[in-house]
Structures are given as structure tokens and as C-alpha cells.
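Structure file run_26.txt (compact mmCIF, C-alpha atoms) is printed below.
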# COMPACT_ATOMS: atom_id res chain seq x y z
CA MET A 1 7.67 0.09 67.44
CA ARG A 2 5.61 -1.30 64.55
CA GLU A 3 6.50 -1.71 60.88
CA HIS A 4 4.16 -1.42 57.92
CA ASP A 5 4.28 -1.22 54.12
CA LEU A 6 3.98 2.02 52.14
CA TRP A 7 3.81 2.67 48.43
CA ALA A 8 6.00 5.48 47.10
CA ALA A 9 4.93 7.84 44.35
CA ASP A 10 6.86 5.80 41.74
CA GLY A 11 5.32 2.51 42.92
CA THR A 12 8.26 1.34 45.04
CA ARG A 13 7.23 -0.58 48.14
CA LEU A 14 8.74 1.00 51.23
CA ARG A 15 8.93 -0.37 54.73
CA GLY A 16 7.84 2.23 57.24
CA TRP A 17 7.80 2.18 61.02
CA HIS A 18 6.23 4.12 63.84
CA THR A 19 6.28 4.13 67.62
CA ASP A 20 3.17 3.52 69.70
CA SER A 21 3.91 6.42 72.04
CA ASP A 22 1.32 9.08 72.71
CA GLY A 23 2.02 12.67 71.75
CA MET A 24 2.70 14.99 68.86
CA PRO A 25 3.64 13.24 65.60
CA VAL A 26 7.25 13.64 64.49
CA LEU A 27 8.74 12.64 61.14
CA LEU A 28 12.22 11.12 61.39
CA CYS A 29 14.36 11.41 58.25
CA PRO A 30 16.88 8.65 58.98
CA GLY A 31 20.58 8.44 58.44
CA LEU A 32 21.43 6.39 55.37
CA GLY A 33 20.45 2.77 55.92
CA THR A 34 19.78 3.26 59.64
CA PHE A 35 16.94 1.94 61.77
CA PRO A 36 15.06 2.58 65.02
CA GLU A 37 17.83 1.11 67.22
CA ALA A 38 19.96 4.13 66.33
CA TRP A 39 17.51 6.30 68.34
CA PRO A 40 17.09 4.39 71.63
CA ALA A 41 15.70 7.41 73.50
CA LEU A 42 12.90 8.00 70.99
CA LEU A 43 11.70 4.40 71.31
CA LEU A 44 10.99 4.71 75.03
CA PRO A 45 7.51 5.51 76.30
CA GLY A 46 7.05 8.95 77.79
CA THR A 47 8.95 10.90 75.14
CA GLY A 48 5.86 12.98 74.42
CA VAL A 49 6.04 12.34 70.67
CA GLN A 50 5.00 9.63 68.23
CA VAL A 51 7.74 8.96 65.69
CA PHE A 52 7.07 8.04 62.03
CA SER A 53 9.89 6.99 59.70
CA TRP A 54 10.93 4.60 56.94
CA TYR A 55 13.84 2.55 55.64
CA HIS A 56 15.66 3.81 52.57
CA ARG A 57 15.06 2.18 49.20
CA GLY A 58 16.63 -1.26 49.03
CA THR A 59 17.40 -1.45 52.76
CA MET A 60 15.81 -3.12 55.76
CA GLY A 61 12.79 -4.48 53.91
CA SER A 62 12.16 -1.59 51.53
CA ASP A 63 12.31 -2.66 47.87
CA ARG A 64 14.80 -1.34 45.38
CA PRO A 65 13.08 0.81 42.77
CA ALA A 66 12.30 -0.74 39.39
CA ASP A 67 14.38 2.08 37.90
CA PRO A 68 17.70 1.90 39.79
CA ALA A 69 18.26 5.60 39.12
CA ARG A 70 15.32 6.49 41.39
CA ILE A 71 17.50 7.03 44.47
CA THR A 72 18.08 10.77 44.16
CA LEU A 73 17.31 13.49 46.68
CA ASP A 74 13.99 14.06 44.89
CA ASP A 75 13.03 10.44 45.56
CA HIS A 76 13.96 10.59 49.25
CA VAL A 77 11.93 13.79 49.73
CA ALA A 78 8.99 12.14 47.94
CA ASP A 79 9.32 9.13 50.25
CA ALA A 80 9.20 11.43 53.30
CA LEU A 81 5.95 12.89 51.96
CA THR A 82 4.63 9.36 51.44
CA VAL A 83 5.19 8.63 55.14
CA LEU A 84 3.36 11.81 56.16
CA ASP A 85 0.45 11.21 53.80
CA ALA A 86 0.04 7.56 54.81
CA ALA A 87 -0.16 8.61 58.48
CA GLY A 88 -2.58 11.44 57.74
CA ILE A 89 -0.12 14.05 59.02
CA GLY A 90 -0.51 17.48 57.48
CA ARG A 91 2.25 19.30 59.32
CA CYS A 92 4.72 18.28 62.01
CA VAL A 93 8.18 18.60 63.50
CA VAL A 94 10.84 16.90 61.36
CA VAL A 95 13.97 15.27 62.81
CA GLY A 96 16.98 14.43 60.65
CA TRP A 97 20.30 12.72 61.26
CA SER A 98 23.28 12.52 58.89
CA VAL A 99 21.90 12.22 55.32
CA GLY A 100 18.49 12.77 56.89
CA VAL A 101 19.50 16.40 57.51
CA LEU A 102 19.82 16.86 53.75
CA VAL A 103 16.38 15.32 53.18
CA ALA A 104 14.74 17.26 56.03
CA THR A 105 16.19 20.56 54.80
CA GLU A 106 15.01 19.96 51.26
CA LEU A 107 11.56 18.97 52.55
CA ALA A 108 11.29 22.22 54.50
CA LEU A 109 12.42 24.34 51.54
CA ARG A 110 10.11 22.68 49.03
CA HIS A 111 7.11 22.03 51.27
CA PRO A 112 7.15 24.55 54.15
CA ALA A 113 3.48 23.90 54.86
CA ARG A 114 4.39 20.37 56.01
CA VAL A 115 7.18 21.33 58.44
CA SER A 116 6.48 23.13 61.73
CA GLY A 117 9.98 22.75 63.20
CA MET A 118 13.27 20.94 62.62
CA LEU A 119 15.77 19.09 64.80
CA LEU A 120 18.89 18.39 62.76
CA ALA A 121 21.71 16.22 64.14
CA ALA A 122 25.21 15.62 62.73
CA GLY A 123 24.43 16.31 59.08
CA VAL A 124 24.89 18.92 56.38
CA PRO A 125 22.40 20.50 53.94
CA GLY A 126 24.20 19.34 50.81
CA ASP A 127 27.51 18.07 49.41
CA PRO A 128 27.74 15.33 52.06
CA PHE A 129 31.16 14.05 51.02
CA ALA A 130 32.78 17.46 51.51
CA GLY A 131 32.34 17.20 55.27
CA VAL A 132 34.12 13.87 55.68
CA LEU A 133 37.35 14.14 57.72
CA GLY A 134 36.85 17.88 58.15
CA VAL A 135 37.72 17.73 61.86
CA LEU A 136 41.16 16.42 60.88
CA GLY A 137 41.95 19.69 59.14
CA LEU A 138 42.23 18.32 55.62
CA PRO A 139 41.23 20.86 52.93
CA THR A 140 38.01 20.22 51.03
CA ARG A 141 39.85 19.81 47.72
CA LEU A 142 41.57 16.75 49.20
CA ARG A 143 39.00 15.19 51.50
CA ARG A 144 36.08 15.20 49.07
CA PRO A 145 37.90 13.21 46.33
CA LEU A 146 39.36 10.97 49.02
CA ALA A 147 35.91 10.20 50.46
CA ILE A 148 34.30 9.62 47.08
CA GLY A 149 37.21 7.48 45.92
CA GLY A 150 36.98 5.38 49.07
CA ALA A 151 33.24 4.90 48.56
CA ARG A 152 33.75 3.79 44.97
CA ALA A 153 36.40 1.31 46.11
CA VAL A 154 33.98 -0.21 48.64
CA ARG A 155 31.31 -0.47 45.96
CA ALA A 156 33.70 -2.23 43.58
CA ALA A 157 34.65 -4.69 46.32
CA GLY A 158 31.05 -5.10 47.49
CA PRO A 159 30.88 -8.93 47.61
CA LEU A 160 34.18 -9.13 49.48
CA VAL A 161 33.09 -6.44 51.93
CA ASP A 162 29.82 -8.32 52.50
CA ALA A 163 31.68 -11.57 53.12
CA VAL A 164 33.78 -9.92 55.83
CA LEU A 165 31.26 -7.63 57.55
CA HIS A 166 28.39 -10.12 57.54
CA ARG A 167 30.56 -12.55 59.52
CA LEU A 168 32.07 -10.03 61.92
CA PRO A 169 31.10 -10.91 65.51
CA VAL A 170 29.27 -8.04 67.21
CA ASN A 171 28.86 -8.08 70.98
CA ARG A 172 29.46 -5.81 73.95
CA ILE A 173 33.23 -6.31 73.66
CA THR A 174 33.49 -5.37 69.98
CA ALA A 175 31.02 -2.52 70.56
CA THR A 176 33.22 -1.16 73.35
CA LEU A 177 36.30 -1.38 71.11
CA LEU A 178 34.42 0.51 68.39
CA GLN A 179 33.51 3.20 70.92
CA HIS A 180 37.21 3.80 71.56
CA SER A 181 38.21 3.84 67.89
CA GLY A 182 37.70 7.56 67.25
CA PHE A 183 35.02 6.79 64.68
CA MET A 184 32.65 6.42 67.62
CA LEU A 185 33.19 7.65 71.17
CA PRO A 186 32.27 6.34 74.62
CA GLY A 187 28.96 7.49 76.02
CA ALA A 188 26.40 5.16 74.53
CA ASP A 189 25.30 1.95 76.19
CA PRO A 190 27.47 -0.80 74.59
CA ALA A 191 24.36 -2.99 74.33
CA ASP A 192 22.59 -0.30 72.27
CA VAL A 193 25.68 0.10 70.10
CA ALA A 194 25.96 -3.65 69.54
CA LYS A 195 22.30 -3.90 68.55
CA ALA A 196 22.60 -1.01 66.07
CA VAL A 197 25.94 -2.14 64.59
CA ARG A 198 24.75 -5.73 64.19
CA ARG A 199 21.89 -4.63 61.91
CA PHE A 200 23.98 -2.03 60.11
CA LEU A 201 26.71 -4.49 59.08
CA GLY A 202 24.09 -6.68 57.41
CA HIS A 203 23.62 -4.28 54.51
CA ASP A 204 24.32 -5.15 50.89
CA TRP A 205 27.33 -2.84 50.82
CA ARG A 206 27.46 -2.40 47.05
CA TRP A 207 23.89 -1.08 47.14
CA TYR A 208 24.49 0.95 50.29
CA VAL A 209 27.40 2.82 48.74
CA THR A 210 25.38 3.28 45.52
CA LEU A 211 22.75 5.08 47.61
CA ALA A 212 25.40 7.31 49.14
CA LEU A 213 27.10 8.15 45.84
CA ALA A 214 23.73 9.10 44.31
CA LEU A 215 23.77 12.11 46.67
CA ALA A 216 27.41 13.08 46.14
CA ASP A 217 26.69 15.89 43.68
CA VAL A 218 23.86 17.55 45.62
CA PRO A 219 25.06 21.13 46.18
CA THR A 220 24.93 22.77 49.59
CA ARG A 221 21.52 24.38 49.99
CA ASP A 222 20.97 27.87 51.36
CA PRO A 223 18.41 27.41 54.17
CA THR A 224 17.57 31.10 54.59
CA GLY A 225 14.04 30.50 53.32
CA ILE A 226 13.25 28.34 56.36
CA THR A 227 11.24 30.33 58.92
CA CYS A 228 10.14 27.64 61.38
CA PRO A 229 12.02 26.98 64.64
CA VAL A 230 15.21 24.98 64.02
CA THR A 231 17.57 23.18 66.39
CA VAL A 232 20.96 22.04 65.06
CA LEU A 233 23.17 19.62 67.00
CA ALA A 234 26.73 18.91 65.87
CA GLY A 235 29.37 16.48 67.13
CA ARG A 236 32.64 18.18 67.96
CA TYR A 237 34.60 15.02 67.00
CA ASP A 238 32.47 14.02 64.01
CA VAL A 239 34.71 12.61 61.24
CA VAL A 240 31.75 12.16 58.87
CA ALA A 241 30.05 15.58 59.01
CA ASP A 242 32.31 18.55 59.74
CA PRO A 243 30.64 20.40 62.66
CA ARG A 244 31.41 23.75 61.03
CA ARG A 245 29.43 22.75 57.96
CA THR A 246 26.72 21.27 60.19
CA VAL A 247 26.10 24.46 62.14
CA GLY A 248 27.25 27.23 59.78
CA PRO A 249 24.47 27.28 57.16
CA PHE A 250 21.74 27.41 59.82
CA ALA A 251 23.30 29.74 62.41
CA ARG A 252 21.94 32.87 60.72
CA LEU A 253 18.32 31.72 60.64
CA PRO A 254 16.06 33.88 62.85
CA GLN A 255 14.75 30.94 64.90
CA ALA A 256 17.87 28.75 64.99
CA ARG A 257 19.29 27.18 68.13
CA THR A 258 22.68 25.50 67.72
CA ARG A 259 24.77 23.29 70.00
CA VAL A 260 28.09 21.53 69.52
CA LEU A 261 28.32 18.43 71.71
CA PRO A 262 31.37 16.32 72.69
CA THR A 263 30.25 13.39 70.51
CA SER A 264 31.12 11.68 67.27
CA HIS A 265 28.83 11.34 64.26
CA PHE A 266 26.68 8.93 66.27
CA LEU A 267 25.14 11.67 68.35
CA PRO A 268 21.70 9.99 68.77
CA LEU A 269 23.42 7.01 70.45
CA GLU A 270 25.99 8.97 72.44
CA ALA A 271 23.74 11.78 73.70
CA PRO A 272 20.20 10.35 73.76
CA GLU A 273 19.17 12.48 76.74
CA VAL A 274 20.11 15.62 74.79
CA ILE A 275 18.00 14.46 71.84
CA VAL A 276 14.93 14.07 74.06
CA ALA A 277 15.50 17.35 75.89
CA GLU A 278 16.09 19.36 72.73
CA LEU A 279 13.12 17.76 70.98
CA SER A 280 10.87 18.65 73.92
CA LEU A 281 12.16 22.22 73.86
CA LEU A 282 11.63 22.41 70.09
CA VAL A 283 8.03 21.24 70.46
CA GLU A 284 7.48 24.06 72.97
CA ARG A 285 9.08 26.60 70.60
CA VAL A 286 6.85 25.40 67.76
CA ALA A 287 3.77 25.88 69.96
CA VAL A 288 4.89 29.40 70.90
CA ALA A 289 5.53 30.27 67.26
CA ALA A 290 2.07 28.99 66.30
CA ARG A 291 0.42 31.15 68.99
CA ALA A 292 2.45 34.17 67.87
CA ASP A 293 1.30 33.67 64.29
CA LEU A 294 -2.34 33.55 65.40
CA PHE A 295 -1.89 36.69 67.47
CA THR A 296 -0.10 38.69 64.76
CA GLY A 297 -1.97 37.29 61.80
CA ASP A 298 1.37 36.36 60.26
CA SER A 299 0.62 34.40 57.07
CA ARG A 300 4.20 33.42 56.28
CA ARG A 301 3.77 30.06 57.98
CA PRO A 302 0.88 28.01 56.66
CA ASN A 303 -1.50 26.52 59.22

Would you encode the structure as C-alpha cells?
Amino acid sequence: MREHDLWAADGTRLRGWHTDSDGMPVLLCPGLGTFPEAWPALLLPGTGVQVFSWYHRGTMGSDRPADPARITLDDHVADALTVLDAAGIGRCVVVGWSVGVLVATELALRHPARVSGMLLAAGVPGDPFAGVLGVLGLPTRLRRPLAIGGARAVRAAGPLVDAVLHRLPVNRITATLLQHSGFMLPGADPADVAKAVRRFLGHDWRWYVTLALALADVPTRDPTGITCPVTVLAGRYDVVADPRRTVGPFARLPQARTRVLPTSHFLPLEAPEVIVAELSLLVERVAVAARADLFTGDSRRPN
């Protein structure tokens, strides 16, 4: 994996990364403040794809924008286009996890000529706070204010949260405990979990929560205009993104494939073999769809 600098449309310097694997290019719209270690299977050689991605504004080496308000959905979609343009990619499969599902969906709706297929994992196409704690059966009118209120409390206590989390020891033992907490589940390699958690806890938590709250009022998008092949993976025990809201909006699409897996929100870590298998299958479906369009002369999908 290699990192490089990119310049966003508004002049913000972004830190991008890409794998050195051979194969079809894939754009990864990351979960908020996440990094390559969250996708261990996609970093291995032999995946058949080359992954391109970036770190969100103000995280992991990307600069904060000069205008602190430039952290909206529009800005994240523009940053995704920056990654594609810098790599010379006209159209490709797009993968999204968590908040990345929201960005990937919006990218496909606004710029269908750039998206040939979508693999969406453990995320919702809008109103991200409404899905928190959904698997516990709490009604939306309670869980959404509870989630937003909790986020605002963390932001207000940002320096104290940093002081605690930045000093928290992370090793195989603490990773294993986290995997039995209910927030995460067993399944991932504890070494992979420890590596990912160690970097994640190093965030500036006031800024991290500010990024999340900037997306709180994005309404749920209707994805019915998306005509490319789509695969949606949901975690049955996901306390962050309600699996019903993960799968429901996409299930009626003509080329949708949906699966609910026995994982938590951290599906890329807990089911990496499924990610690789479903991505390979999606690439095949995209190729079949492209051949069908050539045969039928269907002009609904741009070349």
C-alpha cells in the first residue's frame, strides 16, 4: 500500500492511498476516519483488484479545510471524484463501508457514468444516526436523539476523551476483549483488530465527532435511480447501522444482491473472505452487464 497527496476541488490537501495489486481499479469510500488496516483482505496480493482510497478531511494526514464548514456530503463526494481523477479512472466499481455507503450512493446517483458497480457494507444511504442501536429494538424517535446527544457530549469532552483513548493500551488481549463486548464480535484476527484499533483511537475526537455530526441531517436517499449491479452486505448484530435500513432501500433495485451476515458493524474485519468473494462476483456481474449493454445497445449506462 502506498500513500500520496491529492488536492481537493476546494484546495484542501488530502492524503490518498492505493494498493500495488494488479487488476481492475476499485474506489473505496472509507468508513469515517478509517484506514487500510480495516480491510485486511483487500491489502493482500491476488485479490484481482487495485484499490484507491483516501483519508477523510482532518484525519490520518489529510488537512482540515480552510473553511471548517467544508465537511458536508458534497465535499466527501467531491473528494471521491478527486481520487478517481488523480488516478485517471473514468469508471469503476465503488466499495463503501459505514459512512462510505452514504458517499458511494450519492456518487452513483450524481455521477452514474463514474460507477460501474457497488459493494456496500454495513452502512445506510442517509440519516446515519437513525440506524444506531436499531438492533436493540429502540424506536427511531428515541435512538436518533440519543445517538446525536451522545456524539455532542463526546465532542464537548474532546480533550478529556483524547487524554484517555490516546493512552489506552491496545494489544491482542484488549482486542480480544473488545471482540467479546457486543460492539465487535469474534471472527477477526485479534492482531488485525489491534492494529486497526490502535490507529483509530489516535484521532482528535472533537474533530472526528464534528465530521460525523456534519452528516447527521442528510436525509435517506432513494436509490431507485441506480441501475448498475449492487451488492449490499449487512451485519445481523450491527449496533451502528440497523441491518434493516442497510438492506431495505436497495432490495428493490433490479440488479441488487443482498446478504445479512452474522457480524457486527466491523464486517470488513470479521468477514474478510466474504468481502473478497462478493467483490469478485460483483466484478463478474459488472462485466456481464457491460456485455449485455453492448449487445442490446442499451444507452442507459454510459460507457

All residues 7 Å or closer to stretch 53-61 of chain A, all atoms listed in the file, same chain fewer than 6 positions away omitted, as a list in words: Leu14, Arg15, Gly16, Trp17, His18, Leu27, Leu28, Cys29, Leu32, Gly33, Phe35 and Val83 of chain A

Within 10 Å of stretch 153-164 of chain A using all atoms listed in the file, minus same-chain residues under 3 positions, as a ChimeraX atom specification: /A:147-150,167-168,201-210,213

Who sits within 8 Å of stretch 284-294 of chain A, only C-alpha atoms, same chain under 6 positions skipped, as a list in words: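 Answer for this query is Ser116, Gly117, Cys228, Pro229 and Arg301 of chain A.
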
Step by step, gather every atom of stretch 151-159 of chain A that the file lists, find the box along x, y and z that holds them, add 3 Å on each side, and finally give centre and edge lengths in Å to one decimal, as lines of an AutoDock Vina configuration file.
center_x = 33.6
center_y = -2.0
center_z = 46.1
size_x = 11.5
size_y = 19.8
size_z = 11.1

Long-range neighbours of stretch 95-111 of chain A as a ChimeraX atom specification, 6 Å cut-off, only C-alpha atoms, 5 positions minimum in chain: /A:28-32,77,118-123,125-126

Any chance you could export the current selection's C-alpha atoms as a JSON list (two decimals), in the frame of the given file?
[["chain", "number", "residue", "atom", "x", "y", "z"],
["A", 28, "LEU", "CA", 12.22, 11.12, 61.39],
["A", 29, "CYS", "CA", 14.36, 11.41, 58.25],
["A", 30, "PRO", "CA", 16.88, 8.65, 58.98],
["A", 31, "GLY", "CA", 20.58, 8.44, 58.44],
["A", 32, "LEU", "CA", 21.43, 6.39, 55.37],
["A", 77, "VAL", "CA", 11.93, 13.79, 49.73],
["A", 118, "MET", "CA", 13.27, 20.94, 62.62],
["A", 119, "LEU", "CA", 15.77, 19.09, 64.80],
["A", 120, "LEU", "CA", 18.89, 18.39, 62.76],
["A", 121, "ALA", "CA", 21.71, 16.22, 64.14],
["A", 122, "ALA", "CA", 25.21, 15.62, 62.73],
["A", 123, "GLY", "CA", 24.43, 16.31, 59.08],
["A", 125, "PRO", "CA", 22.40, 20.50, 53.94],
["A", 126, "GLY", "CA", 24.20, 19.34, 50.81]]

All residues 8 Å or closer to stretch 248-264 of chain A, all atoms listed in the file, same chain fewer than 2 positions away omitted, as a PyMOL selection string: chain A and resi 125+182-185+222-224+226-239+243-246+266-267+270-271

Top pick for closest residue to A:Asp79, considering A:Ala9, A:Val283, A:Leu211, A:Ala216 and counting all atoms listed in the file: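 The closest residue to A:Asp79 is A:Ala9.
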
Gap from atom CA of A:Pro45 to atom CA of A:Leu269 - Å, one decimal: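 One can read the atom CA of A:Pro45 to atom CA of A:Leu269 distance as 17.0 Å.
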
Residue with smallest distance to A:Ala86 - pool A:Glu37, A:Asp74, A:Ala69, A:Trp7, counting all atoms listed in the file: A:Trp7

Residue nearest A:Leu6 among A:Arg199, A:Asp75, A:Val276, A:Ala87 (counting all atoms listed in the file): A:Ala87

Counting only C-alpha atoms, the option among A:Thr34, A:Thr220, A:Ser21, A:Thr174 closest to A:Phe200: A:Thr34

Two-atom distance - atom CA of A:Gly11, atom CA of A:Ala66 (Å):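 Interatomic distance here is 8.5 Å.
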
Separation of atom CA of A:Val193 from atom CA of A:Gly23 in Å: 26.8 Å

Selected residue of minimal separation from A:Ala241 among A:Leu178, A:Leu73, A:Ala130, A:Leu279, counting all atoms listed in the file: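 Of all the options, A:Ala130 lies closest to A:Ala241.
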
Pick from A:Ala191, A:Val93, A:Ile71, A:Ala212 nearest to A:Leu281, counting all atoms listed in the file: A:Val93

Once N, CA and C atoms are restored for stretch 222-245 of chain A, what would the output be as a compact mmCIF listing (two decimals), keeping the file's coordinate frame?
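Just written: out.txt:
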# COMPACT_ATOMS: atom_id res chain seq x y z
N ASP A 222 21.08 26.69 50.52
CA ASP A 222 20.97 27.87 51.36
C ASP A 222 19.64 27.77 52.11
N PRO A 223 19.65 27.61 53.44
CA PRO A 223 18.41 27.41 54.17
C PRO A 223 17.72 28.69 54.61
N THR A 224 18.11 29.83 54.09
CA THR A 224 17.57 31.10 54.59
C THR A 224 16.07 31.24 54.37
N GLY A 225 15.48 30.43 53.51
CA GLY A 225 14.04 30.50 53.32
C GLY A 225 13.25 29.78 54.40
N ILE A 226 13.92 29.09 55.31
CA ILE A 226 13.25 28.34 56.36
C ILE A 226 12.94 29.28 57.52
N THR A 227 11.66 29.40 57.87
CA THR A 227 11.24 30.33 58.92
C THR A 227 10.75 29.66 60.19
N CYS A 228 10.61 28.33 60.18
CA CYS A 228 10.14 27.64 61.38
C CYS A 228 11.27 27.51 62.39
N PRO A 229 10.97 27.22 63.66
CA PRO A 229 12.02 26.98 64.64
C PRO A 229 12.92 25.81 64.25
N VAL A 230 14.23 26.00 64.41
CA VAL A 230 15.21 24.98 64.02
C VAL A 230 16.21 24.78 65.15
N THR A 231 16.51 23.53 65.45
CA THR A 231 17.57 23.18 66.39
C THR A 231 18.61 22.35 65.64
N VAL A 232 19.88 22.75 65.74
CA VAL A 232 20.96 22.04 65.06
C VAL A 232 21.95 21.54 66.11
N LEU A 233 22.21 20.24 66.09
CA LEU A 233 23.17 19.62 67.00
C LEU A 233 24.33 19.06 66.19
N ALA A 234 25.54 19.39 66.57
CA ALA A 234 26.73 18.91 65.87
C ALA A 234 27.63 18.17 66.84
N GLY A 235 28.38 17.20 66.33
CA GLY A 235 29.37 16.48 67.13
C GLY A 235 30.74 17.10 66.96
N ARG A 236 31.34 17.50 68.04
CA ARG A 236 32.64 18.18 67.96
C ARG A 236 33.71 17.28 67.32
N TYR A 237 33.59 15.96 67.49
CA TYR A 237 34.60 15.02 67.00
C TYR A 237 34.06 14.18 65.85
N ASP A 238 33.14 14.72 65.10
CA ASP A 238 32.47 14.02 64.01
C ASP A 238 33.39 13.96 62.78
N VAL A 239 33.83 12.76 62.40
CA VAL A 239 34.71 12.61 61.24
C VAL A 239 33.92 12.43 59.95
N VAL A 240 32.59 12.34 60.05
CA VAL A 240 31.75 12.16 58.87
C VAL A 240 31.15 13.49 58.41
N ALA A 241 30.67 14.30 59.34
CA ALA A 241 30.05 15.58 59.01
C ALA A 241 30.76 16.68 59.80
N ASP A 242 31.56 17.47 59.11
CA ASP A 242 32.31 18.55 59.74
C ASP A 242 31.36 19.44 60.54
N PRO A 243 31.57 19.60 61.86
CA PRO A 243 30.64 20.40 62.66
C PRO A 243 30.51 21.84 62.19
N ARG A 244 31.53 22.38 61.55
CA ARG A 244 31.41 23.75 61.03
C ARG A 244 30.41 23.81 59.90
N ARG A 245 30.38 22.79 59.06
CA ARG A 245 29.43 22.75 57.96
C ARG A 245 28.04 22.30 58.45
